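A.B. asks: What follows is the file my_file_1.txt, containing compact mmCIF, C-alpha atoms and all ligand atoms:
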# COMPACT_ATOMS: atom_id res chain seq x y z
CA MET A 1 -14.02 10.23 65.17
CA ALA A 2 -11.59 13.04 64.57
CA VAL A 3 -11.08 15.61 67.29
CA PRO A 4 -11.63 19.11 65.91
CA ALA A 5 -8.60 21.25 65.24
CA SER A 6 -7.33 23.46 68.02
CA ALA A 7 -8.09 27.10 67.45
CA PRO A 8 -4.90 29.09 66.87
CA GLU A 9 -5.22 30.83 70.23
CA SER A 10 -5.65 27.55 72.16
CA VAL A 11 -1.98 26.94 72.68
CA ALA A 12 -2.50 25.25 76.08
CA PRO A 13 -1.00 23.19 77.62
CA THR A 14 1.64 25.72 78.40
CA ALA A 15 5.25 24.93 79.21
CA LEU A 16 4.29 25.45 82.86
CA ALA A 17 1.68 22.66 82.74
CA VAL A 18 4.25 20.32 81.19
CA GLU A 19 6.72 21.19 83.92
CA SER A 20 4.31 20.00 86.60
CA ASP A 21 3.64 16.58 85.04
CA PRO A 22 6.57 14.22 85.74
CA ASP A 23 5.18 11.51 83.40
CA LEU A 24 5.59 13.62 80.28
CA PRO A 25 8.82 13.44 78.27
CA ARG A 26 11.57 15.94 79.04
CA PRO A 27 14.05 15.70 76.16
CA ALA A 28 17.34 17.55 76.68
CA THR A 29 18.19 17.80 72.97
CA LEU A 30 16.39 17.10 69.70
CA GLU A 31 18.18 13.75 69.55
CA ASP A 32 16.21 12.70 72.63
CA VAL A 33 12.90 13.07 70.75
CA PRO A 34 11.98 9.77 69.09
CA GLY A 35 11.24 9.97 65.39
CA TRP A 36 12.45 9.55 61.84
CA PHE A 37 14.53 12.56 60.95
CA PRO A 38 18.03 11.66 59.71
CA PRO A 39 20.99 14.07 60.04
CA THR A 40 21.12 14.68 56.25
CA ASP A 41 17.54 15.96 56.28
CA HIS A 42 18.08 17.87 59.50
CA ARG A 43 20.97 19.67 57.82
CA PHE A 44 19.11 20.21 54.56
CA PHE A 45 15.96 21.57 56.29
CA CYS A 46 18.21 24.09 58.09
CA TRP A 47 19.95 25.02 54.85
CA LEU A 48 16.66 25.51 52.94
CA LEU A 49 14.99 27.48 55.73
CA GLU A 50 18.07 29.67 56.05
CA TYR A 51 18.09 30.11 52.24
CA GLN A 52 14.49 31.34 52.47
CA ARG A 53 15.32 33.67 55.37
CA GLU A 54 18.28 35.22 53.54
CA ARG A 55 16.07 35.92 50.51
CA ALA A 56 13.19 37.21 52.64
CA ILE A 57 10.89 34.48 51.33
CA GLN A 58 7.98 34.92 53.72
CA GLY A 59 5.15 32.44 54.32
CA ASP A 60 3.74 29.86 56.71
CA LEU A 61 5.01 26.38 57.54
CA LEU A 62 3.04 23.13 57.45
CA GLU A 63 3.92 19.62 58.57
CA VAL A 64 1.58 16.73 57.86
CA GLY A 65 2.54 13.80 60.14
CA VAL A 66 4.47 14.91 63.23
CA TYR A 67 4.62 11.78 65.43
CA LEU A 68 6.40 12.92 68.64
CA GLY A 69 7.65 16.13 67.10
CA ARG A 70 11.22 15.56 65.99
CA SER A 71 11.03 17.40 62.64
CA ALA A 72 8.24 19.72 63.81
CA ILE A 73 10.43 21.06 66.63
CA LEU A 74 13.14 21.91 64.11
CA LEU A 75 10.64 23.57 61.74
CA GLY A 76 9.23 25.57 64.66
CA SER A 77 12.68 26.96 65.38
CA HIS A 78 12.71 28.56 61.89
CA LEU A 79 9.34 30.25 62.27
CA ARG A 80 9.59 34.00 61.82
CA GLU A 81 7.59 36.99 63.10
CA GLY A 82 4.11 37.07 61.61
CA GLU A 83 4.21 33.48 60.28
CA THR A 84 2.08 30.53 61.38
CA PHE A 85 3.19 26.94 61.83
CA THR A 86 0.42 24.38 61.37
CA VAL A 87 0.77 20.66 62.05
CA CYS A 88 -1.62 17.85 61.30
CA ASP A 89 -1.62 14.34 62.79
CA LEU A 90 -4.09 11.65 63.73
CA PHE A 91 -2.53 11.21 67.20
CA GLU A 92 -5.12 9.10 69.08
CA SER A 93 -7.92 9.70 66.53
CA GLU A 94 -9.32 7.02 64.27
CA ALA A 95 -7.73 6.56 60.88
CA PRO A 96 -9.98 7.18 57.87
CA ASP A 97 -9.76 3.57 56.59
CA SER A 98 -8.55 0.11 57.61
CA ALA A 99 -5.26 0.24 55.68
CA ASN A 100 -4.30 3.50 57.39
CA SER A 101 -5.47 2.04 60.70
CA ALA A 102 -3.19 -0.99 60.21
CA GLU A 103 -0.29 1.36 59.45
CA MET A 104 -1.02 3.29 62.67
CA ASP A 105 -1.28 0.12 64.79
CA TYR A 106 1.95 -1.28 63.37
CA SER A 107 4.12 1.82 63.68
CA TYR A 108 2.76 4.49 66.03
CA ARG A 109 -0.13 3.54 68.34
CA GLU A 110 1.95 2.17 71.21
CA THR A 111 3.99 5.31 71.66
CA LEU A 112 2.08 8.22 70.14
CA THR A 113 -0.07 10.62 72.13
CA ARG A 114 -0.88 14.22 71.44
CA ARG A 115 0.18 15.10 75.01
CA ALA A 116 3.63 13.60 74.42
CA PHE A 117 3.97 15.56 71.16
CA GLU A 118 2.94 18.74 72.96
CA ALA A 119 5.30 18.09 75.87
CA ASN A 120 8.20 17.52 73.50
CA TYR A 121 7.36 20.61 71.46
CA LEU A 122 6.99 22.82 74.55
CA SER A 123 10.35 21.60 75.80
CA PHE A 124 11.90 23.61 72.95
CA HIS A 125 9.36 26.37 72.27
CA ASP A 126 7.20 28.69 74.34
CA ALA A 127 3.99 28.01 72.41
CA LEU A 128 2.52 25.16 70.42
CA PRO A 129 1.99 25.29 66.68
CA ARG A 130 -1.57 25.31 65.41
CA ILE A 131 -2.67 21.68 65.62
CA HIS A 132 -5.20 19.93 63.43
CA GLN A 133 -5.88 16.50 64.95
CA GLY A 134 -7.43 14.22 62.35
CA PRO A 135 -6.81 12.71 58.91
CA SER A 136 -4.78 14.96 56.66
CA GLN A 137 -7.54 14.89 54.04
CA GLU A 138 -9.57 17.09 56.39
CA LEU A 139 -7.16 19.96 55.82
CA ALA A 140 -8.76 20.54 52.44
CA GLU A 141 -12.18 20.78 54.10
CA THR A 142 -11.17 23.42 56.65
CA GLU A 143 -10.09 26.99 56.05
CA LEU A 144 -7.00 26.65 58.19
CA ILE A 145 -4.60 26.91 55.29
CA ALA A 146 -5.14 29.60 52.66
CA PRO A 147 -4.10 29.01 49.04
CA ASP A 148 -0.51 30.08 48.20
CA SER A 149 0.24 30.75 51.88
CA GLN A 150 2.96 28.21 52.73
CA ARG A 151 6.69 28.57 52.08
CA PHE A 152 7.60 25.08 53.36
CA ILE A 153 5.46 21.93 53.52
CA HIS A 154 6.69 18.60 54.89
CA ILE A 155 4.47 15.61 54.07
CA ASP A 156 5.26 12.69 56.37
CA ALA A 157 1.90 11.11 57.28
CA SER A 158 0.13 8.13 55.71
CA HIS A 159 2.18 6.15 53.20
CA LEU A 160 -0.83 4.93 51.23
CA TYR A 161 -1.12 6.06 47.64
CA GLN A 162 -4.59 7.63 47.82
CA HIS A 163 -3.72 9.62 50.95
CA VAL A 164 -0.38 10.79 49.66
CA ALA A 165 -1.92 11.80 46.32
CA ALA A 166 -4.55 13.82 48.24
CA ASP A 167 -1.86 15.40 50.46
CA LEU A 168 0.07 16.36 47.34
CA ALA A 169 -3.00 17.87 45.67
CA PHE A 170 -3.63 19.91 48.82
CA ALA A 171 0.02 20.97 49.03
CA ARG A 172 -0.05 22.14 45.42
CA LYS A 173 -2.79 24.65 46.28
CA ALA A 174 -1.31 25.68 49.62
CA LEU A 175 2.34 26.16 48.61
CA ARG A 176 3.64 29.50 47.38
CA GLU A 177 5.26 29.41 43.99
CA ASP A 178 8.73 29.78 45.52
CA GLY A 179 7.87 27.38 48.36
CA ILE A 180 9.52 24.03 49.05
CA LEU A 181 7.70 20.72 49.30
CA VAL A 182 9.31 17.77 51.09
CA MET A 183 8.04 14.21 50.64
CA ASP A 184 9.18 11.63 53.18
CA ASP A 185 9.81 7.97 52.33
CA TYR A 186 9.61 8.47 48.56
CA ARG A 187 11.81 5.43 47.84
CA SER A 188 11.39 2.72 50.49
CA GLU A 189 10.17 -0.71 49.46
CA HIS A 190 7.46 -0.59 52.14
CA THR A 191 6.12 2.76 50.84
CA PRO A 192 5.47 2.31 47.10
CA GLY A 193 2.37 4.51 47.43
CA VAL A 194 4.54 7.52 48.28
CA ALA A 195 6.85 6.80 45.34
CA ALA A 196 3.92 6.41 42.93
CA ALA A 197 2.18 9.61 44.06
CA THR A 198 5.42 11.60 44.08
CA TRP A 199 6.61 10.67 40.60
CA GLU A 200 3.07 11.01 39.27
CA ALA A 201 3.09 14.63 40.51
CA VAL A 202 6.41 15.15 38.72
CA LEU A 203 5.20 13.62 35.47
CA THR A 204 1.68 15.01 35.33
CA GLN A 205 1.40 17.99 37.69
CA GLY A 206 4.49 20.06 37.07
CA LEU A 207 6.29 19.23 40.35
CA ARG A 208 10.03 19.80 39.84
CA PRO A 209 12.70 18.10 41.96
CA VAL A 210 15.14 20.31 43.88
CA ALA A 211 17.26 17.61 45.51
CA LEU A 212 17.20 14.02 46.75
CA THR A 213 18.35 12.52 50.04
CA PRO A 214 18.15 8.84 51.03
CA GLN A 215 14.85 9.46 52.81
CA LYS A 216 13.26 12.59 51.38
CA PHE A 217 12.37 14.15 48.05
CA TYR A 218 12.60 17.96 47.83
CA ALA A 219 10.69 19.80 45.13
CA THR A 220 8.84 22.93 44.09
CA TRP A 221 6.03 23.93 41.76
CA GLY A 222 8.01 27.06 40.93
CA ASP A 223 11.43 27.41 39.34
CA PRO A 224 13.91 25.02 41.05
CA GLU A 225 16.96 26.57 39.36
CA PRO A 226 17.90 29.34 41.86
CA VAL A 227 17.70 27.10 44.94
CA ARG A 228 19.45 24.20 43.18
CA GLN A 229 22.25 26.50 42.01
CA ALA A 230 22.74 27.92 45.52
CA LEU A 231 22.77 24.38 46.89
CA ILE A 232 25.34 23.21 44.33
CA GLU A 233 27.59 26.14 45.27
CA HIS A 234 27.19 25.38 48.99
CA CYS A 235 28.17 21.73 48.46
CA ARG A 236 31.13 22.67 46.22
CA GLU A 237 32.50 24.87 48.99
CA ARG A 238 32.65 21.73 51.11
CA SER A 239 34.24 19.68 48.32
CA PRO A 240 34.71 20.41 44.60
CA ARG A 241 33.45 16.90 43.84
CA LEU A 242 30.10 17.57 45.50
CA PRO A 243 27.24 17.25 45.01
CA GLU A 244 26.53 14.24 42.83
CA LEU A 245 24.13 15.31 40.08
CA GLN A 246 21.51 12.88 38.79
CA VAL A 247 20.10 13.97 35.44
CA LEU A 248 16.39 13.25 35.20
CA TYR A 249 13.99 14.52 32.51
CA GLY A 250 16.87 16.75 31.39
CA GLU A 251 17.29 18.36 34.83
CA PRO A 252 20.39 17.98 37.05
CA ILE A 253 19.20 17.00 40.52
CA PRO A 254 21.66 17.10 43.42
CA ARG A 255 21.79 13.89 45.42
CA LEU A 256 22.77 14.67 49.01
CA TRP A 257 24.21 12.91 52.00
CA ALA A 258 25.16 14.33 55.38
CA SER A 259 28.77 15.34 54.67
CA ALA A 260 27.66 17.35 51.61
CA LEU A 261 26.02 19.83 53.97
CA LEU A 262 27.13 21.94 56.89
CA PRO A 263 26.65 20.18 60.26
CA GLN A 264 24.07 21.75 62.55
CA GLU A 265 24.11 22.05 66.31
CA GLN A 266 21.56 19.88 68.09
CA LEU A 267 18.74 22.01 69.44
CA ARG A 268 18.72 22.17 73.25
CA SER A 269 15.55 22.17 75.26
CA ARG A 270 14.57 24.08 78.37
CA TRP A 271 15.57 20.95 80.33
CA PHE A 272 19.11 20.80 78.96
CA GLU A 273 20.94 22.60 81.77
CA GLN A 274 18.92 20.95 84.54
CA GLN A 275 19.60 17.50 83.04
CA GLN A 276 23.30 18.29 82.60
CA ALA A 277 23.46 19.31 86.28
CA GLU A 278 21.59 16.14 87.33
CA GLN A 279 23.94 14.01 85.23
CA GLU A 280 26.98 15.75 86.72
CA ALA A 281 25.58 15.20 90.26
CA ARG A 282 24.99 11.48 89.45
CA GLU A 283 28.55 11.10 88.15
CA GLN A 284 29.95 12.88 91.21
CA ALA A 285 27.96 10.58 93.53
CA GLU A 286 29.26 7.52 91.61
CA ARG A 287 32.86 8.77 91.87
CA ALA A 288 32.42 9.38 95.62
CA ALA A 289 30.92 5.87 96.08
CA ARG A 290 33.87 4.35 94.17
CA ARG A 291 36.34 6.28 96.35
CA ARG A 292 34.58 5.04 99.52
CA ILE A 293 34.78 1.41 98.33
CA GLN A 294 38.48 1.77 97.47
CA ALA A 295 39.23 3.34 100.87
CA ARG A 296 37.37 0.51 102.65
CA ALA A 297 39.30 -2.08 100.62
CA ARG A 298 42.60 -0.42 101.53
CA ARG A 299 41.71 -0.38 105.25
CA LEU A 300 40.77 -4.04 105.07
CA ALA A 301 44.06 -4.91 103.40
CA ILE A 302 45.98 -3.07 106.11
CA ASP A 303 44.00 -4.91 108.82
CA LEU A 304 44.57 -8.28 107.18
CA THR A 305 48.12 -8.04 105.97
CA PRO A 306 50.13 -8.22 109.28
CA PRO A 307 48.70 -11.55 110.52
CA LEU A 308 49.03 -13.08 107.08
CA ALA A 309 52.59 -11.93 106.70
CA ALA A 310 53.44 -13.17 110.20
CA ARG A 311 51.98 -16.58 109.41
CA ALA A 312 53.98 -16.79 106.16
CA LEU A 313 57.13 -15.80 108.02
CA ARG A 314 56.50 -18.45 110.66
CA ARG A 315 56.10 -21.09 107.97
CA LEU A 316 59.34 -20.03 106.24
CA ARG A 317 61.28 -20.17 109.51
CA ALA A 318 59.84 -23.59 110.39
CA ARG A 319 60.84 -24.93 106.97
CA ALA A 320 64.39 -23.53 107.37
CA ARG A 321 64.66 -25.15 110.86
CA ASP A 322 63.46 -28.49 109.46
CA ARG A 323 66.06 -28.35 106.68
CA ALA A 324 68.87 -27.53 109.16
CA GLN A 325 67.76 -30.34 111.46
CA ALA A 326 67.63 -32.77 108.53
CA GLN A 327 71.19 -31.82 107.53
CA GLN A 328 72.44 -32.39 111.10
CA ASP A 329 70.69 -35.73 111.32
CA SER A 330 72.23 -36.88 108.07
CA ARG A 331 75.85 -36.22 109.28
CA PRO A 332 77.84 -39.41 110.00
C1 LIG A 401 6.58 8.79 60.13
S1 LIG A 401 5.58 9.55 61.33
C2 LIG A 401 6.11 11.21 61.27
C3 LIG A 401 7.54 11.39 61.68
C4 LIG A 401 7.94 12.79 62.08
N1 LIG A 401 7.77 13.73 61.00
C5 LIG A 401 9.38 12.79 62.60
O1 LIG A 401 10.18 13.60 62.16
O2 LIG A 401 9.73 11.98 63.46
C6 LIG A 401 4.02 9.56 60.57
C7 LIG A 401 2.93 10.27 61.36
O3 LIG A 401 1.81 10.41 60.49
C8 LIG A 401 0.61 10.25 61.22
N2 LIG A 401 -0.44 9.82 60.27
C9 LIG A 401 -0.60 8.60 59.68
N3 LIG A 401 -1.66 8.61 58.87
C10 LIG A 401 -2.18 9.86 58.92
C11 LIG A 401 -3.28 10.50 58.29
N4 LIG A 401 -4.08 9.86 57.43
N5 LIG A 401 -3.50 11.81 58.58
C12 LIG A 401 -2.72 12.48 59.46
N6 LIG A 401 -1.67 11.93 60.08
C13 LIG A 401 -1.40 10.63 59.82
C14 LIG A 401 0.97 9.22 62.29
O4 LIG A 401 0.13 9.38 63.41
C15 LIG A 401 2.44 9.53 62.59
O5 LIG A 401 2.54 10.38 63.71
Please, can you express the file's structure as structure tokens?
Ligand SMILES: C[S@@+](CC[C@H](N)C(=O)[O-])C[C@H]1O[C@@H](n2cnc3c(N)ncnc32)[C@H](O)[C@@H]1O
C.D. replies:
Amino acid sequence: MAVPASAPESVAPTALAVESDPDLPRPATLEDVPGWFPPTDHRFFCWLLEYQRERAIQGDLLEVGVYLGRSAILLGSHLREGETFTVCDLFESEAPDSANSAEMDYSYRETLTRRAFEANYLSFHDALPRIHQGPSQELAETELIAPDSQRFIHIDASHLYQHVAADLAFARKALREDGILVMDDYRSEHTPGVAAATWEAVLTQGLRPVALTPQKFYATWGDPEPVRQALIEHCRERSPRLPELQVLYGEPIPRLWASALLPQEQLRSRWFEQQQAEQEAREQAERAARRRIQARARRLAIDLTPPLAARALRRLRARARDRAQAQQDSRP
């Protein structure tokens, strides 16, 4: 049974509660948070969210499928005053059907808990996003997300066709006209349901591609031209041969890889400095231990060398005496 969504004001556990539980994860940087969020998409999320900020495109953020929070943490860092970030995930709740349940058992059950997501998120932010724990289809049954309210939606939950098609139908209502939709895993051989639902939305529901990366499909139900043009110019500043344009249904769609986009600094958590200091202390202790071992070895060598050398000298002298004696004995 699905656990009801947290009310917006129920942002507990706080960062303080996480601090007092040593079993919860304490990532130092975003790279320490397990997940599926490649550098190309990290860079492109930052570019798109910055593009929206520069043009004062205001609206809420939604991520469907957070796992342990890798992409959610990044999205949360682009949340602006007056906006709401909502996330939806099954976490420990039951999946709505056996195929989804099999997907959960295979990929996420062993490692995923809502507490771990929250601990990771609170390592980077002071408050949690609004969390809906349960199947993504429930979002359409609640009033959490108002129509035309979202400026950025990332769909990265179930890979099964019927769920993805439902997520897309929901996103179509929730996304602002100038908002960006991101579909994860739109082209993997193990996720044909995502591919089918995504291209169906393009062919029959007016979804228009903005750009493609190896893992994610970026699109809008509005006019993709301004954002595409700005993206093309950004890539050309990095190299005149970039980006590669794939023409599809008469539209030029930039295909991106990491070097086409500006690198981004890894986000640092509240634990970063403490962990750096602990690492430095560990390295110092190792260096001191190595120095102690070397000093002990040197002392040992000093203690051992004189008797050994004396013995070798004695042997050399004895051999020389024997040779001299042998020469004398052999004289006529
Ligand atoms: C690929 S992971 C998300 C990865 C994450 N965005 C990241 O950057 O690392 C997919 C997530 O979707 C969740 N999920 C699977 N089926 C779902 C469903 N029907 N409704 C809501 N969440 C679901 C899983 O629990 C899992 O956490």
A.B. asks: May I have the residues within 7 Å of Val87 (chain A) as a list in words, using only C-alpha atoms and disregarding those fewer than 4 positions away in the same chain?
C.D. replies: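 Once the adjacent positions are removed, what remains is Leu62, Glu63, Val64, Val66, Pro129, Arg130, Ile131 and His132 of chain A.
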A.B. asks: Using only C-alpha atoms and all ligand atoms, what are the residues with an atom within 7 Å of ligand LIG 401 (chain A), set out as an MDAnalysis selection string?
C.D. replies: chainID A and resid 34:37 64:72 88:91 95:96 100 104 108 112 134:137 156:158 163
A.B. asks: Give me, please, the distance in Å between CA of Gly206 (chain A) and CA of Glu138 (chain A), quoted to one decimal.
C.D. replies: 24.1 Å
A.B. asks: A:Pro263, A:Gly250, A:Phe117, A:Ser93: which is nearest Pro25 (chain A), counting only C-alpha atoms?
C.D. replies: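 For Pro25 (chain A), the nearest of the given residues is A:Phe117.
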A.B. asks: Would you kindly return, as a list of chain:residue names, each protein, DNA or RNA residue with an atom no farther than 9 Å from any atom of Glu251 (chain A), considering all atoms listed in the file and excluding same-chain residues fewer than 4 positions away?
C.D. replies: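 Selected residues are A:Arg208, A:Pro209, A:Gln246, A:Val247.
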A.B. asks: Ranking A:Thr142, A:Ser330, A:Ser188, A:Ser77 by minimum distance to Cys46 (chain A) and counting all atoms listed in the file, which one comes first?
C.D. replies: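 Of A:Thr142, A:Ser330, A:Ser188, A:Ser77, the one nearest Cys46 (chain A) is A:Ser77, counting all atoms listed in the file.
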A.B. asks: What does the distance between CA of Ala310 (chain A) and CA of Gln325 (chain A) come to in Å, to one decimal place?
C.D. replies: 22.4 Å
A.B. asks: Choose the residue, out of A:Arg319, A:Arg290, A:Arg80, A:Arg255, that has the smallest atom-to-atom separation from Pro243 (chain A); count all atoms listed in the file.
C.D. replies: A:Arg255
A.B. asks: Figure out the distance between CA of Asp97 (chain A) and CA of Pro147 (chain A), please, to one decimal in Å.
C.D. replies: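 These atoms are spaced 27.1 Å apart.
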A.B. asks: Could you tell me, as an mmCIF file with C-alpha atoms, in the coordinates of the input, which residues have any atom at most 12 Å from (10.8, 29.7, 64.7), counting only C-alpha atoms?
C.D. replies:
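Saved file point.cif follows:
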data_model
loop_
_atom_site.group_PDB
_atom_site.id
_atom_site.type_symbol
_atom_site.label_atom_id
_atom_site.label_comp_id
_atom_site.auth_asym_id
_atom_site.auth_seq_id
_atom_site.Cartn_x
_atom_site.Cartn_y
_atom_site.Cartn_z
ATOM 1 C CA CYS A 46 18.210 24.090 58.090
ATOM 2 C CA LEU A 49 14.990 27.480 55.730
ATOM 3 C CA GLU A 50 18.070 29.670 56.050
ATOM 4 C CA ARG A 53 15.320 33.670 55.370
ATOM 5 C CA ASP A 60 3.740 29.860 56.710
ATOM 6 C CA LEU A 61 5.010 26.380 57.540
ATOM 7 C CA ALA A 72 8.240 19.720 63.810
ATOM 8 C CA ILE A 73 10.430 21.060 66.630
ATOM 9 C CA LEU A 74 13.140 21.910 64.110
ATOM 10 C CA LEU A 75 10.640 23.570 61.740
ATOM 11 C CA GLY A 76 9.230 25.570 64.660
ATOM 12 C CA SER A 77 12.680 26.960 65.380
ATOM 13 C CA HIS A 78 12.710 28.560 61.890
ATOM 14 C CA LEU A 79 9.340 30.250 62.270
ATOM 15 C CA ARG A 80 9.590 34.000 61.820
ATOM 16 C CA GLU A 81 7.590 36.990 63.100
ATOM 17 C CA GLY A 82 4.110 37.070 61.610
ATOM 18 C CA GLU A 83 4.210 33.480 60.280
ATOM 19 C CA THR A 84 2.080 30.530 61.380
ATOM 20 C CA PHE A 85 3.190 26.940 61.830
ATOM 21 C CA TYR A 121 7.360 20.610 71.460
ATOM 22 C CA PHE A 124 11.900 23.610 72.950
ATOM 23 C CA HIS A 125 9.360 26.370 72.270
ATOM 24 C CA ASP A 126 7.200 28.690 74.340
ATOM 25 C CA ALA A 127 3.990 28.010 72.410
ATOM 26 C CA LEU A 128 2.520 25.160 70.420
ATOM 27 C CA PRO A 129 1.990 25.290 66.680
#
A.B. asks: Using all atoms listed in the file, can you tell me which of A:Ala297, A:Val210, A:Ala324, A:Leu262 comes closest to Val227 (chain A)?
C.D. replies: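 Ranking A:Ala297, A:Val210, A:Ala324, A:Leu262 by distance to Val227 (chain A), first place goes to A:Val210.
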